[in-house]
file entry_39.csv (CSV, C-alpha atoms and all ligand atoms)
chain,number,residue,atom,x,y,z
A,8,MET,CA,180.8,44.3,164.9
A,9,ARG,CA,182.6,42.1,162.4
A,10,THR,CA,179.3,41.6,160.4
A,11,THR,CA,178.8,45.4,160.2
A,12,SER,CA,182.3,46.1,158.7
A,13,LEU,CA,181.8,43.3,156.2
A,14,LEU,CA,178.4,44.7,155.1
A,15,ALA,CA,179.9,48.2,154.8
A,16,ALA,CA,182.8,46.8,152.6
A,17,VAL,CA,180.3,44.9,150.3
A,18,TRP,CA,178.1,48.0,149.9
A,19,LEU,CA,181.1,50.3,149.1
A,20,THR,CA,182.4,47.7,146.6
A,21,ALA,CA,179.0,47.3,145.0
A,22,CYS,CA,178.7,51.1,144.5
A,23,GLY,CA,182.2,51.4,143.1
A,24,GLY,CA,183.4,53.4,146.0
A,25,ASP,CA,186.6,53.4,147.9
A,26,PRO,CA,186.1,53.9,151.6
A,27,ALA,CA,189.4,55.7,151.9
A,28,GLN,CA,188.6,58.3,149.1
A,29,ALA,CA,185.8,61.0,148.6
A,30,PRO,CA,184.3,61.0,145.0
A,31,ALA,CA,186.3,63.2,142.6
A,32,PRO,CA,184.5,66.5,141.6
A,33,GLU,CA,183.0,66.7,138.1
A,34,PRO,CA,185.5,68.6,135.8
A,35,GLU,CA,184.3,72.2,134.9
A,36,PRO,CA,183.0,72.5,131.3
A,37,GLU,CA,185.6,74.3,129.1
A,38,GLN,CA,184.7,77.9,128.5
A,39,THR,CA,184.5,78.4,124.7
A,40,GLU,CA,184.6,81.9,123.2
A,41,LYS,CA,181.5,83.2,121.5
A,42,THR,CA,181.8,83.5,117.8
A,43,LEU,CA,180.3,86.5,115.8
A,44,VAL,CA,177.7,84.0,114.5
A,45,ASP,CA,176.7,83.1,118.0
A,46,GLU,CA,176.3,86.7,118.8
A,47,ALA,CA,174.2,87.3,115.7
A,48,ALA,CA,172.0,84.3,116.6
A,49,GLU,CA,171.6,85.5,120.2
A,50,GLN,CA,170.8,89.1,119.3
A,51,MET,CA,168.6,88.4,116.3
A,52,PRO,CA,167.2,84.9,116.3
A,53,THR,CA,164.2,85.8,114.1
A,54,TYR,CA,163.4,88.1,111.2
A,55,LEU,CA,161.3,90.2,113.6
A,56,ASP,CA,164.4,90.8,115.7
A,57,LEU,CA,166.4,91.7,112.6
A,58,HIS,CA,163.8,94.2,111.4
A,59,ALA,CA,163.6,95.9,114.8
A,60,GLN,CA,167.3,96.0,115.4
A,61,VAL,CA,168.7,96.8,111.9
A,62,VAL,CA,165.9,98.4,109.9
A,63,TYR,CA,163.3,100.0,112.3
A,64,ARG,CA,166.0,101.3,114.6
A,65,THR,CA,167.7,103.2,111.8
A,66,CYS,CA,164.5,104.6,110.3
A,67,SER,CA,162.5,105.5,113.4
A,68,PRO,CA,164.5,108.5,114.6
A,69,THR,CA,163.6,110.3,111.4
A,70,SER,CA,160.0,109.2,111.2
A,71,GLY,CA,158.3,110.4,108.0
A,72,VAL,CA,161.5,111.1,106.0
A,73,CYS,CA,162.7,107.5,105.8
A,74,HIS,CA,160.9,104.7,104.0
A,75,ASN,CA,157.4,105.1,105.1
A,76,THR,CA,155.1,105.9,102.2
A,77,LYS,CA,157.7,108.5,101.1
A,78,GLU,CA,160.6,106.3,99.9
A,79,PHE,CA,160.5,103.1,98.0
A,80,PRO,CA,160.8,100.4,99.3
A,81,ASP,CA,158.5,101.0,102.3
A,82,LEU,CA,160.4,99.3,105.2
A,83,HIS,CA,158.6,100.7,108.2
A,84,THR,CA,156.9,97.5,109.3
A,85,PRO,CA,158.2,93.9,109.0
A,86,GLY,CA,155.3,93.0,106.7
A,87,ASN,CA,156.1,95.9,104.4
A,88,MET,CA,159.7,94.8,104.1
A,89,LEU,CA,158.6,91.3,103.2
A,90,ASP,CA,156.6,92.8,100.4
A,91,ALA,CA,159.8,93.9,98.8
A,92,ILE,CA,160.7,90.3,98.1
A,93,GLY,CA,160.7,89.6,94.3
A,94,LYS,CA,159.9,93.3,93.5
A,95,PRO,CA,162.0,95.3,91.0
A,96,CYS,CA,164.3,97.9,92.3
A,97,ASN,CA,164.6,101.7,91.5
A,98,LEU,CA,160.9,102.1,91.0
A,99,GLY,CA,161.1,105.6,92.3
A,100,GLU,CA,164.0,106.7,90.1
A,101,GLU,CA,163.8,108.9,87.0
A,102,PRO,CA,164.4,106.5,84.0
A,103,GLY,CA,167.8,108.1,83.2
A,104,ASP,CA,169.0,107.4,86.8
A,105,ILE,CA,168.1,103.7,86.9
A,106,TYR,CA,171.0,101.3,87.8
A,107,ASP,CA,171.7,98.8,85.0
A,108,GLY,CA,170.9,95.8,87.2
A,109,CYS,CA,167.4,97.3,88.0
A,110,GLU,CA,166.4,97.8,84.4
A,111,PRO,CA,163.3,95.9,83.3
A,112,ALA,CA,163.0,93.4,80.5
A,113,GLY,CA,162.4,95.4,77.3
A,114,ASP,CA,159.0,95.0,75.8
A,115,ILE,CA,158.8,93.8,72.2
A,116,ILE,CA,157.1,95.1,69.0
A,117,ARG,CA,155.9,92.2,66.9
A,118,LEU,CA,154.7,93.0,63.3
A,119,THR,CA,151.6,91.1,62.5
A,120,THR,CA,151.0,91.9,58.8
A,121,GLY,CA,153.1,92.5,55.6
A,122,PRO,CA,156.3,90.9,54.4
A,123,ARG,CA,158.0,91.2,57.8
A,124,SER,CA,155.0,89.7,59.7
A,125,GLY,CA,156.4,87.8,62.7
A,126,ASP,CA,159.5,90.1,63.1
A,127,GLU,CA,160.1,91.1,66.7
A,128,MET,CA,162.1,94.2,67.8
A,129,THR,CA,163.1,94.9,71.4
A,130,ILE,CA,162.3,98.4,72.7
A,131,ALA,CA,165.3,100.2,74.3
A,132,TRP,CA,163.4,103.4,75.4
A,133,HIS,CA,160.4,105.5,74.1
A,134,ASP,CA,158.7,108.8,74.4
A,135,VAL,CA,155.3,110.2,73.6
A,136,ASP,CA,156.0,113.3,71.6
A,137,GLY,CA,152.9,115.3,70.9
A,138,ASP,CA,150.6,113.0,68.9
A,139,ASP,CA,153.4,110.6,68.1
A,140,TRP,CA,155.0,107.7,69.9
A,141,VAL,CA,158.7,107.6,69.2
A,142,VAL,CA,160.4,104.3,69.9
A,143,THR,CA,164.1,103.5,70.0
A,144,LEU,CA,164.8,99.9,69.4
A,145,GLU,CA,167.7,97.7,70.5
A,146,ASP,CA,168.8,97.0,66.9
A,147,PRO,CA,168.8,99.1,63.8
A,148,VAL,CA,165.6,98.8,61.7
A,149,ALA,CA,165.6,97.0,58.4
A,150,GLY,CA,163.0,97.0,55.7
A,151,ASP,CA,160.4,99.5,54.5
A,152,CYS,CA,161.7,103.0,54.9
A,153,GLU,CA,158.8,104.8,53.4
A,154,PRO,CA,155.9,105.9,55.7
A,155,HIS,CA,153.5,103.0,55.7
A,156,ARG,CA,150.9,101.3,57.8
A,157,ALA,CA,151.5,98.2,59.8
A,158,SER,CA,149.6,96.1,62.3
A,159,LEU,CA,151.5,95.3,65.4
A,160,ARG,CA,151.4,94.0,68.9
A,161,ILE,CA,153.4,95.1,71.9
A,162,LEU,CA,154.4,92.0,73.9
A,163,SER,CA,155.7,91.9,77.5
A,164,GLY,CA,159.5,91.4,77.5
A,165,GLU,CA,159.2,89.0,80.4
A,166,ASP,CA,156.6,86.5,79.2
A,167,LYS,CA,155.6,87.7,75.7
A,168,SER,CA,152.0,88.2,76.7
A,169,THR,CA,150.2,90.8,74.6
A,170,ILE,CA,150.0,94.2,76.2
A,171,ILE,CA,148.7,96.3,73.2
A,172,THR,CA,147.3,95.5,69.8
A,173,ALA,CA,147.2,98.2,67.1
A,174,ASP,CA,145.9,97.6,63.6
A,175,GLY,CA,147.1,99.7,60.6
A,176,ALA,CA,149.3,102.0,62.7
A,177,PRO,CA,150.9,104.8,60.6
A,178,MET,CA,154.6,104.3,60.9
A,179,VAL,CA,157.7,106.1,59.9
A,180,VAL,CA,160.9,104.1,60.0
A,181,GLN,CA,164.2,105.8,59.9
A,182,CYS,CA,166.2,103.3,57.9
A,183,GLY,CA,169.7,102.5,59.3
A,184,SER,CA,168.8,104.1,62.7
A,185,ASN,CA,167.1,102.5,65.6
A,186,THR,CA,164.1,104.8,65.6
A,187,VAL,CA,160.4,104.1,64.7
A,188,THR,CA,157.7,106.7,65.0
A,189,ILE,CA,154.1,105.7,65.3
A,190,GLN,CA,152.2,108.7,64.2
A,191,ASN,CA,148.9,110.0,65.5
A,192,ILE,CA,148.3,107.7,68.4
A,193,ALA,CA,144.8,109.0,68.9
A,194,SER,CA,143.9,107.2,65.5
A,195,LEU,CA,144.9,103.8,66.9
A,196,GLY,CA,141.5,103.3,68.6
A,197,PRO,CA,140.2,103.5,72.1
A,198,LEU,CA,142.4,100.6,73.3
A,199,VAL,CA,145.7,102.5,72.7
A,200,SER,CA,145.9,105.4,75.1
A,201,GLU,CA,148.9,107.6,75.9
A,202,ALA,CA,148.8,106.3,79.5
A,203,LEU,CA,149.0,102.7,78.3
A,204,LEU,CA,152.0,103.6,76.0
A,205,ARG,CA,153.8,105.2,78.9
A,206,ARG,CA,153.6,102.0,80.8
A,207,VAL,CA,155.5,100.1,78.0
A,208,ALA,CA,158.9,99.1,79.4
A,209,GLY,CA,162.1,99.9,77.5
A,210,GLY,CA,165.1,97.6,78.3
A,211,ASP,CA,167.6,100.4,78.5
A,212,PRO,CA,165.8,103.3,80.2
A,213,ASN,CA,169.1,105.0,81.3
A,214,ARG,CA,170.2,105.0,77.6
A,215,ASN,CA,173.8,103.8,78.2
A,216,GLY,CA,173.7,100.9,75.7
A,217,VAL,CA,173.5,98.2,78.5
A,218,PHE,CA,170.4,96.1,78.7
A,219,GLY,CA,170.7,95.2,82.4
A,220,TYR,CA,167.8,92.8,82.9
A,221,ASP,CA,168.8,89.2,83.4
A,222,GLY,CA,165.8,87.8,85.2
A,223,ASP,CA,167.2,87.2,88.6
A,224,TYR,CA,168.2,90.6,90.1
A,225,GLY,CA,165.7,92.5,92.3
A,226,GLN,CA,165.1,94.4,95.5
A,227,LEU,CA,165.3,91.2,97.7
A,228,VAL,CA,166.0,87.9,96.1
A,229,PRO,CA,165.4,84.9,98.4
A,230,GLY,CA,168.5,82.7,98.6
A,231,ASN,CA,170.7,85.2,96.8
A,232,PRO,CA,172.2,88.2,98.8
A,233,GLU,CA,174.5,89.0,95.9
A,234,ARG,CA,171.5,89.6,93.6
A,235,SER,CA,169.6,91.7,96.1
A,236,TYR,CA,169.7,95.4,95.5
A,237,LEU,CA,168.7,96.3,99.0
A,238,LEU,CA,171.8,94.7,100.4
A,239,ALA,CA,173.9,96.3,97.7
A,240,ARG,CA,172.7,99.7,98.7
A,241,MET,CA,173.7,98.9,102.3
A,242,LEU,CA,177.1,97.7,101.2
A,243,GLY,CA,177.6,100.7,98.9
A,244,THR,CA,178.5,98.5,95.9
A,245,VAL,CA,175.9,100.2,93.6
A,246,PRO,CA,175.5,103.9,92.7
A,247,GLY,CA,173.4,106.0,95.2
A,248,SER,CA,173.8,107.0,98.8
A,249,ARG,CA,174.7,104.2,101.1
A,250,MET,CA,171.9,102.9,103.5
A,251,PRO,CA,171.0,103.4,106.3
A,252,LEU,CA,171.4,107.0,105.2
A,253,ALA,CA,172.8,109.3,107.9
A,254,ASN,CA,172.7,106.6,110.5
A,255,GLN,CA,175.4,104.4,112.1
A,256,PRO,CA,176.6,101.5,109.9
A,257,LEU,CA,175.8,97.9,110.9
A,258,SER,CA,177.7,95.9,113.5
A,259,ASP,CA,179.3,92.6,112.5
A,260,PRO,CA,176.5,90.5,114.0
A,261,GLU,CA,174.0,92.7,112.1
A,262,TRP,CA,175.8,92.0,108.8
A,263,ILE,CA,175.7,88.3,109.5
A,264,ALA,CA,172.0,88.5,110.4
A,265,ILE,CA,170.9,90.3,107.2
A,266,TYR,CA,173.1,88.2,104.9
A,267,CYS,CA,171.8,84.9,106.5
A,268,TRP,CA,168.2,86.1,106.5
A,269,ILE,CA,168.3,86.7,102.7
A,270,GLU,CA,170.4,83.6,102.0
A,271,THR,CA,168.0,81.2,103.8
A,272,LEU,CA,164.8,83.0,103.0
A,273,ASP,CA,161.9,80.8,102.0
A,274,ALA,CA,159.9,81.8,98.9
A,275,ASP,CA,156.9,82.4,101.1
A,276,PRO,CA,158.4,83.6,104.4
A,277,ARG,CA,156.5,84.6,107.6
A,278,GLU,CA,157.4,87.4,109.9
A,279,GLU,CA,158.1,85.1,112.9
A,280,ASP,CA,160.5,82.8,111.0
A,281,PRO,CA,163.8,82.1,112.7
A,282,ILE,CA,167.0,83.0,110.8
A,283,ARG,CA,168.7,79.8,109.8
A,284,TYR,CA,172.3,80.6,110.7
A,285,ASP,CA,173.2,76.9,110.7
A,286,GLU,CA,172.3,76.6,106.9
A,287,CYS,CA,174.0,79.9,106.0
A,288,GLU,CA,177.1,79.9,103.8
A,289,PHE,CA,178.0,83.5,104.8
A,290,ALA,CA,178.0,82.4,108.5
A,291,ALA,CA,180.2,79.5,107.6
A,292,GLN,CA,182.7,81.8,105.8
A,293,VAL,CA,182.7,84.1,108.9
A,294,LEU,CA,183.5,81.1,111.1
A,295,ALA,CA,186.3,79.9,108.8
A,296,ALA,CA,187.9,83.4,108.5
A,297,GLY,CA,187.2,84.4,112.1
A,298,LYS,CA,185.8,87.7,110.9
A,299,VAL,CA,183.2,89.3,108.7
A,300,SER,CA,184.8,90.1,105.3
A,301,LEU,CA,183.3,93.2,103.7
A,302,PRO,CA,185.0,95.5,101.3
A,303,GLU,CA,187.7,97.5,103.2
A,304,ALA,CA,186.1,100.8,102.2
A,305,LEU,CA,183.1,100.0,104.4
A,306,ARG,CA,185.1,99.8,107.5
A,307,GLU,CA,186.2,103.4,107.8
B,1,LIG,C1,168.7,99.5,107.2
B,1,LIG,C2,167.9,100.5,106.8
B,1,LIG,C3,167.7,100.9,105.4
B,1,LIG,C4,167.7,100.1,104.3
B,1,LIG,C5,167.8,98.6,104.1
B,1,LIG,C6,167.5,101.0,103.2
B,1,LIG,C7,167.4,100.6,101.8
B,1,LIG,C8,167.2,101.5,100.8
B,1,LIG,C9,167.1,101.1,99.4
B,1,LIG,C10,167.3,99.7,98.9
B,1,LIG,C11,166.9,102.2,98.7
B,1,LIG,C12,166.7,102.3,97.1
B,1,LIG,C13,165.4,101.8,96.7
B,1,LIG,C14,165.3,101.6,95.2
B,1,LIG,O1,165.6,102.5,94.5
B,1,LIG,O2,164.9,100.5,94.8
B,1,LIG,C15,166.8,103.4,99.6
B,1,LIG,C16,166.5,104.7,99.2
B,1,LIG,C17,166.4,105.7,100.1
B,1,LIG,N1,166.5,105.6,101.4
B,1,LIG,FE1,167.0,104.0,102.5
B,1,LIG,N2,167.4,102.3,103.6
B,1,LIG,C18,167.6,102.3,105.0
B,1,LIG,C19,167.6,103.3,105.9
B,1,LIG,C20,167.3,104.6,105.5
B,1,LIG,C21,167.3,105.8,106.4
B,1,LIG,C22,167.7,105.7,107.9
B,1,LIG,C23,167.0,106.9,105.7
B,1,LIG,C24,166.8,108.3,106.1
B,1,LIG,C25,167.1,108.8,107.2
B,1,LIG,C26,166.8,106.4,104.3
B,1,LIG,C27,166.4,107.3,103.3
B,1,LIG,C28,166.4,106.9,102.0
B,1,LIG,C29,166.0,107.8,100.9
B,1,LIG,C30,165.8,109.3,101.0
B,1,LIG,C31,166.1,107.1,99.7
B,1,LIG,C32,165.7,107.5,98.3
B,1,LIG,C33,166.8,108.3,97.7
B,1,LIG,C34,168.0,107.5,97.3
B,1,LIG,O3,167.9,106.5,96.6
B,1,LIG,O4,169.1,107.8,97.8
B,1,LIG,N3,167.0,105.1,104.2
B,1,LIG,N4,167.0,102.9,100.8

call {"tool": "encode", "arguments": {"input": "entry_39.csv", "output": "structure tokens", "more": "lines below"}}
Ligand code: HEM
result
Amino acid sequence: MRTTSLLAAVWLTACGGDPAQAPAPEPEPEQTEKTLVDEAAEQMPTYLDLHAQVVYRTCSPTSGVCHNTKEFPDLHTPGNMLDAIGKPCNLGEEPGDIYDGCEPAGDIIRLTTGPRSGDEMTIAWHDVDGDDWVVTLEDPVAGDCEPHRASLRILSGEDKSTIITADGAPMVVQCGSNTVTIQNIASLGPLVSEALLRRVAGGDPNRNGVFGYDGDYGQLVPGNPERSYLLARMLGTVPGSRMPLANQPLSDPEWIAIYCWIETLDADPREEDPIRYDECEFAAQVLAAGKVSLPEALRE
């Protein structure tokens, strides 16, 4: 009997137990409140979830009138929306209605013969008027004001590659103004068609004196929500009706998801990519402020 009690005491001591007391229960883990960022990550862990919840939901009730082939950008599948990355904005607008930020780089006329050979002039806007091509330049024209012939190239405003070459083009320069008329475009040879001239980009198509192109604004700019026109249209910070048109505005977790998706987008994203909330500056700001901060006007 004595041996048995001794053994029991040794066993209890070895196991750290106290024969007089039952083991204390584990403390319950503290309940922490879910943040808006947690909610976003729970509801929309991947880009596919974001597309289904924020974009497709708002477009599907009005199938055919919203962003299928009818409206640019085509957003009706996740793959189509990814195609908007790196694309220019306002492609469907009349030139006069283009937002300054969506204006393209103005193509350039470079003279290739005569005393001003090498001079370059940036095109602001242009029109085909009957047989003539009337070009308005960014800066007033200097030099030969009499009708004359000149050889020229039209260069891309983005990378200066040659778009059109025309030799001996009959030109009328209105001295002191910004206008050059290239007469009789049919005489410029088979390589210069009216269709080709219409594709030349002016840098100020809305003709308000602002050349809006700066190289890093576009429909969806990976890593840069502030330079992404798509988000600006949803925020209502650019002219035009606010998106999603005629549908309910986004919830706070939805705003976090779309900001963080754009902010952490890879240059070559895949549809099933997770949204990287833990690397997202916008999510960090929401956590610090305890709320999503959008312009007050958007919260009516
Ligand atoms: C979250 C969903 C949506 C997004 C992100 C979105 C985004 C945009 C963007 C960025 C543009 C301008 C494109 C450009 O000029 O570059 C645009 C235009 C347009 N969207 Fe949406 N949209 C959404 C939902 C909708 C819905 C639900 C409708 C219709 C029911 C709609 C109808 C239109 C129309 C008619 C235009 C062209 C006319 C205009 O510029 O106002 N969109 N949308």

call {"tool": "residues_around", "arguments": {"input": "entry_39.csv", "residues": "Asp104 (chain A)", "least_positions_apart": "2", "cutoff": "10 Å", "atoms": "all atoms listed in the file", "output": "PyMOL selection string"}}
result
chain A and resi 97+99-102+106-107+212-214+246-247

call {"tool": "closest_atom_pairs", "arguments": {"input": "entry_39.csv", "of": "chain A", "to": "ligand LIG 1 (chain B)", "cutoff": "7 Å", "atoms": "all atoms listed in the file", "output": "CSV"}}
result
residue,atom,partner,partner_atom,distance
A:Val61,CA,B:LIG1,C1,5.4
A:Val62,CA,B:LIG1,C1,4.0
A:Thr65,CA,B:LIG1,C22,4.6
A:Cys66,CA,B:LIG1,C22,4.1
A:Thr69,CA,B:LIG1,C25,5.7
A:Val72,CA,B:LIG1,C24,6.0
A:Cys73,CA,B:LIG1,C24,4.2
A:His74,CA,B:LIG1,N3,6.1
A:Glu78,CA,B:LIG1,C32,5.5
A:Phe79,CA,B:LIG1,C13,5.2
A:Pro80,CA,B:LIG1,C13,5.5
A:Cys96,CA,B:LIG1,O2,3.7
A:Asn97,CA,B:LIG1,O1,3.3
A:Leu98,CA,B:LIG1,O2,5.7
A:Gly99,CA,B:LIG1,O1,5.9
A:Glu100,CA,B:LIG1,O1,6.3
A:Gln226,CA,B:LIG1,O2,6.1
A:Tyr236,CA,B:LIG1,C10,6.0
A:Leu237,CA,B:LIG1,C10,3.7
A:Leu238,CA,B:LIG1,C5,6.7
A:Arg240,CA,B:LIG1,C10,5.4
A:Met241,CA,B:LIG1,C5,6.2
A:Gly247,CA,B:LIG1,O4,5.3
A:Ser248,CA,B:LIG1,O4,4.9
A:Met250,CA,B:LIG1,N2,4.5
A:Pro251,CA,B:LIG1,C19,3.4
A:Leu252,CA,B:LIG1,C23,4.4
A:Ala253,CA,B:LIG1,C25,5.8
A:Asn254,CA,B:LIG1,C22,5.7

call {"tool": "atom_distance", "arguments": {"input": "entry_39.csv", "atom1": "CA of Leu195 (chain A)", "atom2": "CA of Gly175 (chain A)"}}
result
7.8 Å

call {"tool": "residues_around", "arguments": {"input": "entry_39.csv", "residues": "Ala47 (chain A)", "least_positions_apart": "3", "cutoff": "8 Å", "atoms": "all atoms listed in the file", "output": "CSV table (one decimal) with C-alpha atoms, keeping the file's coordinate frame"}}
result
chain,number,residue,atom,x,y,z
A,43,LEU,CA,180.3,86.5,115.8
A,44,VAL,CA,177.7,84.0,114.5
A,50,GLN,CA,170.8,89.1,119.3
A,51,MET,CA,168.6,88.4,116.3
A,52,PRO,CA,167.2,84.9,116.3
A,260,PRO,CA,176.5,90.5,114.0
A,261,GLU,CA,174.0,92.7,112.1
A,263,ILE,CA,175.7,88.3,109.5
A,264,ALA,CA,172.0,88.5,110.4

call {"tool": "atom_distance", "arguments": {"input": "entry_39.csv", "atom1": "CA of Cys267 (chain A)", "atom2": "CA of Ala48 (chain A)"}}
result
10.1 Å

call {"tool": "closest_residue", "arguments": {"input": "entry_39.csv", "among": "A:Asn215, A:Asp90, A:Val299, A:Pro232", "to": "Glu270 (chain A)", "atoms": "all atoms listed in the file"}}
result
A:Pro232

call {"tool": "residues_around", "arguments": {"input": "entry_39.csv", "residues": "Asp166 (chain A)", "least_positions_apart": "4", "cutoff": "12 Å", "atoms": "all atoms listed in the file", "output": "list in words"}}
result
Ala112, Gly113, Asp114, Ile115, Ile161, Leu162, Ile170 and Gly222 of chain A

call {"tool": "atom_distance", "arguments": {"input": "entry_39.csv", "atom1": "CA of Arg249 (chain A)", "atom2": "CA of Glu288 (chain A)"}}
result
24.6 Å

call {"tool": "closest_residue", "arguments": {"input": "entry_39.csv", "among": "A:Gly164, A:Pro177, A:Gly137, A:Gly93", "to": "Ile269 (chain A)", "atoms": "all atoms listed in the file"}}
result
A:Gly93

call {"tool": "closest_residue", "arguments": {"input": "entry_39.csv", "among": "A:Leu144, A:Thr39, A:Phe289, A:Ala295", "to": "Glu233 (chain A)", "atoms": "only C-alpha atoms"}}
result
A:Phe289

call {"tool": "closest_residue", "arguments": {"input": "entry_39.csv", "among": "A:Thr188, A:Asn87, A:Asp136, A:Pro30", "to": "Glu201 (chain A)", "atoms": "only C-alpha atoms"}}
result
A:Asp136

call {"tool": "decode", "arguments": {"input": "entry_39.csv", "residues": "region 278-297 of chain A", "atoms": "N, CA and C atoms", "output": "mmCIF file, in the first residue's frame"}}
result
data_model
loop_
_atom_site.group_PDB
_atom_site.id
_atom_site.type_symbol
_atom_site.label_atom_id
_atom_site.label_comp_id
_atom_site.auth_asym_id
_atom_site.auth_seq_id
_atom_site.Cartn_x
_atom_site.Cartn_y
_atom_site.Cartn_z
ATOM 1 N N GLU A 278 -5.569 34.892 -64.929
ATOM 2 C CA GLU A 278 -6.910 35.082 -64.383
ATOM 3 C C GLU A 278 -7.033 34.577 -62.950
ATOM 4 N N GLU A 279 -6.309 33.477 -62.646
ATOM 5 C CA GLU A 279 -6.506 32.857 -61.328
ATOM 6 C C GLU A 279 -5.581 33.443 -60.259
ATOM 7 N N ASP A 280 -4.835 34.492 -60.586
ATOM 8 C CA ASP A 280 -3.901 35.079 -59.620
ATOM 9 C C ASP A 280 -4.626 35.549 -58.362
ATOM 10 N N PRO A 281 -4.019 35.315 -57.176
ATOM 11 C CA PRO A 281 -4.600 35.892 -55.961
ATOM 12 C C PRO A 281 -4.383 37.404 -55.936
ATOM 13 N N ILE A 282 -5.257 38.120 -55.239
ATOM 14 C CA ILE A 282 -5.035 39.568 -55.044
ATOM 15 C C ILE A 282 -4.126 39.696 -53.822
ATOM 16 N N ARG A 283 -3.027 40.447 -53.968
ATOM 17 C CA ARG A 283 -2.015 40.453 -52.904
ATOM 18 C C ARG A 283 -2.286 41.595 -51.908
ATOM 19 N N TYR A 284 -3.291 41.367 -51.065
ATOM 20 C CA TYR A 284 -3.692 42.408 -50.106
ATOM 21 C C TYR A 284 -2.548 42.772 -49.164
ATOM 22 N N ASP A 285 -1.699 41.774 -48.822
ATOM 23 C CA ASP A 285 -0.634 42.042 -47.841
ATOM 24 C C ASP A 285 0.475 42.931 -48.413
ATOM 25 N N GLU A 286 0.506 43.107 -49.745
ATOM 26 C CA GLU A 286 1.521 44.006 -50.332
ATOM 27 C C GLU A 286 0.897 45.317 -50.795
ATOM 28 N N CYS A 287 -0.353 45.564 -50.408
ATOM 29 C CA CYS A 287 -1.107 46.663 -51.014
ATOM 30 C C CYS A 287 -1.112 47.903 -50.111
ATOM 31 N N GLU A 288 -0.594 48.998 -50.638
ATOM 32 C CA GLU A 288 -0.516 50.264 -49.892
ATOM 33 C C GLU A 288 -1.914 50.789 -49.542
ATOM 34 N N PHE A 289 -2.871 50.634 -50.466
ATOM 35 C CA PHE A 289 -4.233 51.122 -50.215
ATOM 36 C C PHE A 289 -4.827 50.373 -49.019
ATOM 37 N N ALA A 290 -4.597 49.054 -48.952
ATOM 38 C CA ALA A 290 -5.107 48.264 -47.818
ATOM 39 C C ALA A 290 -4.453 48.748 -46.522
ATOM 40 N N ALA A 291 -3.156 49.052 -46.581
ATOM 41 C CA ALA A 291 -2.459 49.541 -45.377
ATOM 42 C C ALA A 291 -3.072 50.867 -44.919
ATOM 43 N N GLN A 292 -3.415 51.725 -45.877
ATOM 44 C CA GLN A 292 -4.030 53.019 -45.520
ATOM 45 C C GLN A 292 -5.406 52.803 -44.875
ATOM 46 N N VAL A 293 -6.170 51.839 -45.411
ATOM 47 C CA VAL A 293 -7.491 51.551 -44.837
ATOM 48 C C VAL A 293 -7.318 51.053 -43.403
ATOM 49 N N LEU A 294 -6.341 50.190 -43.184
ATOM 50 C CA LEU A 294 -6.131 49.656 -41.836
ATOM 51 C C LEU A 294 -5.733 50.769 -40.881
ATOM 52 N N ALA A 295 -4.865 51.688 -41.361
ATOM 53 C CA ALA A 295 -4.414 52.782 -40.493
ATOM 54 C C ALA A 295 -5.566 53.730 -40.173
ATOM 55 N N ALA A 296 -6.419 54.006 -41.179
ATOM 56 C CA ALA A 296 -7.503 54.980 -40.964
ATOM 57 C C ALA A 296 -8.748 54.315 -40.356
ATOM 58 N N GLY A 297 -8.840 52.996 -40.455
ATOM 59 C CA GLY A 297 -10.023 52.283 -39.967
ATOM 60 C C GLY A 297 -11.205 52.401 -40.911
#
